[in-house]
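Remarks on the structure that follows.
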Amino acid sequence: MRNSTSKWLSGVLIAGAFMASIATASAEPIKIAIANFGEHPQLNASIAGFKKALAANGFVEGKDVVYSESNTSFDASLVPQMIAKLQAEHPKLMYTVTTPVSQIAKKALAGSGIPIVFTAVTDPVAAKLVPSWDAGDVGITGSSDLQDISAILTFTKKLFPNAKRIGVPYNPGEANDVALIDKVKAAAPAAGFEVVPVGVDNVNDIQQRIASLAGKADVIYTPASNLLQPAIPAVAAAARQAQIPIVNSDDAAVRSGVVPASFAVNYIQVGENAGKIAAQILKGADPKTIKPARPAYADHAPLINKAVLKAFGAEVPASLADCNCFTK
């Protein structure tokens, strides 16, 4: 009798220990890998927004999810190595920041079972990340930072009413930049602009290429380019020397006194859009059924630095005197 009782107790204890181990395992936080191209205010904001949206959807950092973050300091040659390293950690999902990182991750993770949510991608269709704006692809979807080009040009015309030619530097080797140039060309006539594109495929060429716009452009628009934005002080210095004012796609450069004005997407919101998608996938949704998100018009805002604008040889026109869009 004692032996059978002991066996029964042992069985109960073993079963209890087994159930406890299952409970502990099920309580382990989900691992999410974050593959970023490099440290930059816009990209960092998209990561903050991503985490914020996941927390709002029941995935609290440290409790429900843990993040493994890595970046390559904008060195494209190191991206495959970064993706491989993060994949080896067996994450439940990978968050890829920028077009180059997302393109490499899509190829590297194909068939791995690790879904990808991308962000800070201007045109995911042109970048071949998804087949259309109406659907994701196998194992991948995400959020775009596509700006409202017509609104940017309308604001630029208000700020510089006499400007007729808009210079647009871009990286010919990046799908985002090329897609944006096409959109600017399509929207420019309605805003009264002639587009003067200038290719910049190396940071060492910035001075020369921007200087080449002297006498050819009345204002410059700098897009959310992975080559140009990290080097915006160099772009601004060359433009200032040529006395061509800049409207930038990032407001941080306006706040820091580098460029005179911006019409920018809120990258916290871009990241939140991606975080909402990630929450759906973690709850069982198929990425292929989720169309890429893009910022609404309300997610954009103008910003002007009067002192820097004056240094570029321009003044705020009367039509924007009460815009409530000036830095302090």
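Chain labels A, B, ... are given in the sequence in which chains occur in the structure tokens; within each chain residues are numbered consecutively from 1, and ligands are likewise numbered from 1 in the order shown.
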Q: Please give the complete set of residues from range 91-254 of chain A that DSSP, run on the backbone, assigns to helix (DSSP H, G or I), formatted as a ChimeraX atom specification.
A: /A:99-108,149-159,175-191,203-211,229-241,252-254
Store the residues picked out above, limited to C-alpha atoms, as an mmCIF file, in the first residue's frame.
```
data_model
loop_
_atom_site.group_PDB
_atom_site.id
_atom_site.type_symbol
_atom_site.label_atom_id
_atom_site.label_comp_id
_atom_site.auth_asym_id
_atom_site.auth_seq_id
_atom_site.Cartn_x
_atom_site.Cartn_y
_atom_site.Cartn_z
ATOM 1 C CA THR A 99 14.693 49.659 -47.923
ATOM 2 C CA PRO A 100 18.216 48.159 -48.272
ATOM 3 C CA VAL A 101 17.896 46.216 -45.017
ATOM 4 C CA SER A 102 14.392 45.000 -45.886
ATOM 5 C CA GLN A 103 15.405 43.860 -49.377
ATOM 6 C CA ILE A 104 18.327 41.813 -48.066
ATOM 7 C CA ALA A 105 16.252 40.388 -45.196
ATOM 8 C CA LYS A 106 13.494 39.262 -47.585
ATOM 9 C CA LYS A 107 15.964 37.159 -49.569
ATOM 10 C CA ALA A 108 17.855 35.891 -46.531
ATOM 11 C CA ILE A 149 4.624 64.876 -52.586
ATOM 12 C CA SER A 150 1.874 67.235 -53.726
ATOM 13 C CA ALA A 151 1.600 68.651 -50.214
ATOM 14 C CA ILE A 152 5.394 69.089 -49.985
ATOM 15 C CA LEU A 153 5.482 71.018 -53.251
ATOM 16 C CA THR A 154 2.476 73.142 -52.264
ATOM 17 C CA PHE A 155 4.190 74.099 -48.995
ATOM 18 C CA THR A 156 7.474 74.797 -50.825
ATOM 19 C CA LYS A 157 5.682 77.108 -53.267
ATOM 20 C CA LYS A 158 4.048 78.981 -50.366
ATOM 21 C CA LEU A 159 7.394 79.437 -48.665
ATOM 22 C CA ALA A 175 15.114 52.228 -55.179
ATOM 23 C CA ASN A 176 13.510 54.610 -52.647
ATOM 24 C CA ASP A 177 15.244 57.645 -54.143
ATOM 25 C CA VAL A 178 14.536 56.736 -57.762
ATOM 26 C CA ALA A 179 10.844 56.101 -57.009
ATOM 27 C CA LEU A 180 10.586 59.461 -55.253
ATOM 28 C CA ILE A 181 12.123 61.354 -58.173
ATOM 29 C CA ASP A 182 9.427 59.926 -60.445
ATOM 30 C CA LYS A 183 6.718 61.065 -58.034
ATOM 31 C CA VAL A 184 8.189 64.581 -57.779
ATOM 32 C CA LYS A 185 8.308 64.863 -61.575
ATOM 33 C CA ALA A 186 4.664 63.791 -61.809
ATOM 34 C CA ALA A 187 3.446 66.266 -59.150
ATOM 35 C CA ALA A 188 5.685 69.263 -59.974
ATOM 36 C CA PRO A 189 3.751 70.840 -62.886
ATOM 37 C CA ALA A 190 0.592 71.272 -60.800
ATOM 38 C CA ALA A 191 2.614 73.174 -58.186
ATOM 39 C CA VAL A 203 28.946 61.306 -49.824
ATOM 40 C CA ASN A 204 32.278 62.573 -51.131
ATOM 41 C CA ASP A 205 30.483 63.996 -54.183
ATOM 42 C CA ILE A 206 27.909 66.029 -52.223
ATOM 43 C CA GLN A 207 29.758 69.350 -52.354
ATOM 44 C CA GLN A 208 30.334 69.191 -56.100
ATOM 45 C CA ARG A 209 26.851 67.898 -57.013
ATOM 46 C CA ILE A 210 24.938 70.399 -54.873
ATOM 47 C CA ALA A 211 27.152 73.228 -56.129
ATOM 48 C CA GLN A 229 19.980 62.454 -44.616
ATOM 49 C CA PRO A 230 22.933 61.255 -42.510
ATOM 50 C CA ALA A 231 25.036 63.762 -44.496
ATOM 51 C CA ILE A 232 22.531 66.643 -44.399
ATOM 52 C CA PRO A 233 25.034 69.075 -42.785
ATOM 53 C CA ALA A 234 27.258 68.672 -45.872
ATOM 54 C CA VAL A 235 24.260 69.109 -48.199
ATOM 55 C CA ALA A 236 23.196 72.250 -46.308
ATOM 56 C CA ALA A 237 26.705 73.721 -46.305
ATOM 57 C CA ALA A 238 26.981 73.358 -50.080
ATOM 58 C CA ALA A 239 23.468 74.722 -50.631
ATOM 59 C CA ARG A 240 24.104 77.681 -48.345
ATOM 60 C CA GLN A 241 27.272 78.532 -50.249
ATOM 61 C CA ALA A 252 15.320 67.434 -36.835
ATOM 62 C CA ALA A 253 17.689 69.293 -39.170
ATOM 63 C CA VAL A 254 15.457 72.381 -38.894
#
```
(Q) Give me the residues near Phe118 in chain A as a VMD selection string, where near means some atom within 6 Å (using only C-alpha atoms) and where sequence neighbours in that chain fewer than 6 positions away do not count. (A) chain A and resid 95 to 97 142
(Q) Residues of range 108-246 of chain A classed as strand (DSSP E or B) by DSSP on the backbone are to be reported as a PyMOL selection string. (A) chain A and resi 116-121+132+135+137+140-144+165-170+194-199+219-222+246
Create the file for the chosen residues now, containing N, CA, C and O atoms and written as a compact mmCIF listing (two decimals), in the first residue's frame.
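Result file out-v5.txt:
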```txt
# COMPACT_ATOMS: atom_id res chain seq x y z
N ILE A 116 8.60 39.08 -41.62
CA ILE A 116 9.28 40.38 -41.63
C ILE A 116 8.24 41.48 -41.66
O ILE A 116 7.29 41.44 -42.44
N VAL A 117 8.44 42.49 -40.81
CA VAL A 117 7.66 43.73 -40.88
C VAL A 117 8.67 44.84 -41.16
O VAL A 117 9.56 45.08 -40.36
N PHE A 118 8.54 45.49 -42.31
CA PHE A 118 9.48 46.55 -42.68
C PHE A 118 8.94 47.92 -42.32
O PHE A 118 7.74 48.09 -42.08
N THR A 119 9.85 48.90 -42.28
CA THR A 119 9.44 50.29 -42.07
C THR A 119 10.45 51.22 -42.72
O THR A 119 11.54 50.79 -43.13
N ALA A 120 10.09 52.52 -42.81
CA ALA A 120 10.95 53.53 -43.44
C ALA A 120 11.32 53.13 -44.86
O ALA A 120 12.44 53.33 -45.31
N VAL A 121 10.34 52.56 -45.56
CA VAL A 121 10.48 52.18 -46.96
C VAL A 121 9.55 53.09 -47.76
O VAL A 121 8.34 53.07 -47.54
N SER A 132 1.94 44.76 -54.45
CA SER A 132 1.12 45.95 -54.69
C SER A 132 0.87 46.65 -53.36
O SER A 132 1.22 46.14 -52.29
N ALA A 135 -1.64 44.51 -50.84
CA ALA A 135 -1.36 43.21 -50.22
C ALA A 135 0.09 43.09 -49.81
O ALA A 135 0.96 43.74 -50.40
N ASP A 137 3.42 40.32 -49.13
CA ASP A 137 3.95 39.18 -49.86
C ASP A 137 4.12 38.02 -48.88
O ASP A 137 3.83 38.17 -47.68
N ILE A 140 6.05 38.75 -45.52
CA ILE A 140 6.53 40.13 -45.37
C ILE A 140 5.46 41.17 -45.69
O ILE A 140 4.71 41.03 -46.66
N THR A 141 5.39 42.19 -44.87
CA THR A 141 4.60 43.39 -45.12
C THR A 141 5.13 44.46 -44.16
O THR A 141 6.08 44.21 -43.43
N GLY A 142 4.54 45.64 -44.17
CA GLY A 142 5.07 46.66 -43.26
C GLY A 142 4.49 48.03 -43.49
O GLY A 142 3.38 48.17 -44.03
N SER A 143 5.26 49.07 -43.11
CA SER A 143 4.77 50.44 -43.21
C SER A 143 5.73 51.29 -44.02
O SER A 143 6.94 51.18 -43.89
N SER A 144 5.15 52.14 -44.86
CA SER A 144 5.92 53.04 -45.70
C SER A 144 6.05 54.41 -45.03
O SER A 144 5.23 54.78 -44.19
N ARG A 165 12.13 76.54 -60.20
CA ARG A 165 12.89 75.31 -60.44
C ARG A 165 13.27 74.69 -59.10
O ARG A 165 13.86 75.36 -58.25
N ILE A 166 12.94 73.42 -58.93
CA ILE A 166 13.24 72.75 -57.66
C ILE A 166 14.29 71.66 -57.90
O ILE A 166 14.12 70.74 -58.70
N GLY A 167 15.43 71.80 -57.23
CA GLY A 167 16.49 70.81 -57.33
C GLY A 167 16.24 69.66 -56.37
O GLY A 167 15.87 69.89 -55.21
N VAL A 168 16.41 68.44 -56.83
CA VAL A 168 16.19 67.26 -55.98
C VAL A 168 17.39 66.34 -56.06
O VAL A 168 17.54 65.57 -57.03
N PRO A 169 18.28 66.38 -55.06
CA PRO A 169 19.38 65.41 -55.03
C PRO A 169 18.84 64.03 -54.66
O PRO A 169 17.90 63.92 -53.87
N TYR A 170 19.43 62.98 -55.22
CA TYR A 170 18.96 61.62 -54.93
C TYR A 170 20.07 60.63 -55.23
O TYR A 170 21.03 60.95 -55.95
N GLU A 194 9.51 73.23 -62.16
CA GLU A 194 10.30 72.41 -63.07
C GLU A 194 11.30 71.66 -62.20
O GLU A 194 11.95 72.26 -61.32
N VAL A 195 11.43 70.36 -62.39
CA VAL A 195 12.31 69.54 -61.54
C VAL A 195 13.71 69.46 -62.14
O VAL A 195 13.88 69.20 -63.33
N VAL A 196 14.71 69.69 -61.28
CA VAL A 196 16.11 69.56 -61.68
C VAL A 196 16.75 68.49 -60.80
O VAL A 196 17.25 68.77 -59.71
N PRO A 197 16.72 67.22 -61.24
CA PRO A 197 17.32 66.15 -60.43
C PRO A 197 18.84 66.16 -60.50
O PRO A 197 19.41 66.55 -61.53
N VAL A 198 19.48 65.76 -59.41
CA VAL A 198 20.94 65.63 -59.43
C VAL A 198 21.33 64.36 -58.67
O VAL A 198 20.99 64.20 -57.51
N GLY A 199 21.99 63.45 -59.38
CA GLY A 199 22.38 62.18 -58.76
C GLY A 199 23.58 62.34 -57.84
O GLY A 199 24.56 63.00 -58.21
N VAL A 219 15.27 76.42 -55.36
CA VAL A 219 15.07 75.81 -54.05
C VAL A 219 15.43 74.33 -54.19
O VAL A 219 15.39 73.78 -55.29
N ILE A 220 15.83 73.72 -53.08
CA ILE A 220 16.20 72.30 -53.08
C ILE A 220 15.26 71.54 -52.13
O ILE A 220 14.99 72.00 -51.02
N TYR A 221 14.80 70.38 -52.58
CA TYR A 221 14.09 69.46 -51.68
C TYR A 221 14.97 68.24 -51.47
O TYR A 221 15.38 67.59 -52.43
N THR A 222 15.28 67.94 -50.20
CA THR A 222 16.10 66.76 -49.90
C THR A 222 15.20 65.65 -49.35
O THR A 222 14.59 65.81 -48.30
N ILE A 246 16.79 75.21 -48.65
CA ILE A 246 16.40 73.80 -48.62
C ILE A 246 15.07 73.61 -47.89
O ILE A 246 14.84 74.21 -46.83
```
Q. Taking into account only C-alpha atoms, which residue in the set A:Asp299, A:Asp134, A:Asp64, A:Asp201 is nearest to Gln269 in chain A?
A. A:Asp299
Q) What is the CA of Lys283 in chain A-CA of Asn57 in chain A distance in Å, reported with one decimal? A) 10.0 Å
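Among the candidate residues A:Ala279, A:Gln42, A:Leu303, A:Val138, the one lying nearest to Ala55 in chain A is A:Ala279, with distances computed using only C-alpha atoms.
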Q | Nearest candidate to Gly38 in chain A (options A:Ala217, A:Leu227, A:Ala110, A:Val247; using only C-alpha atoms) | A | A:Leu227
**Q.** One-decimal distance in Å that lies between CA of Val265 in chain A and CA of Gln147 in chain A
**A.** 6.4 Å
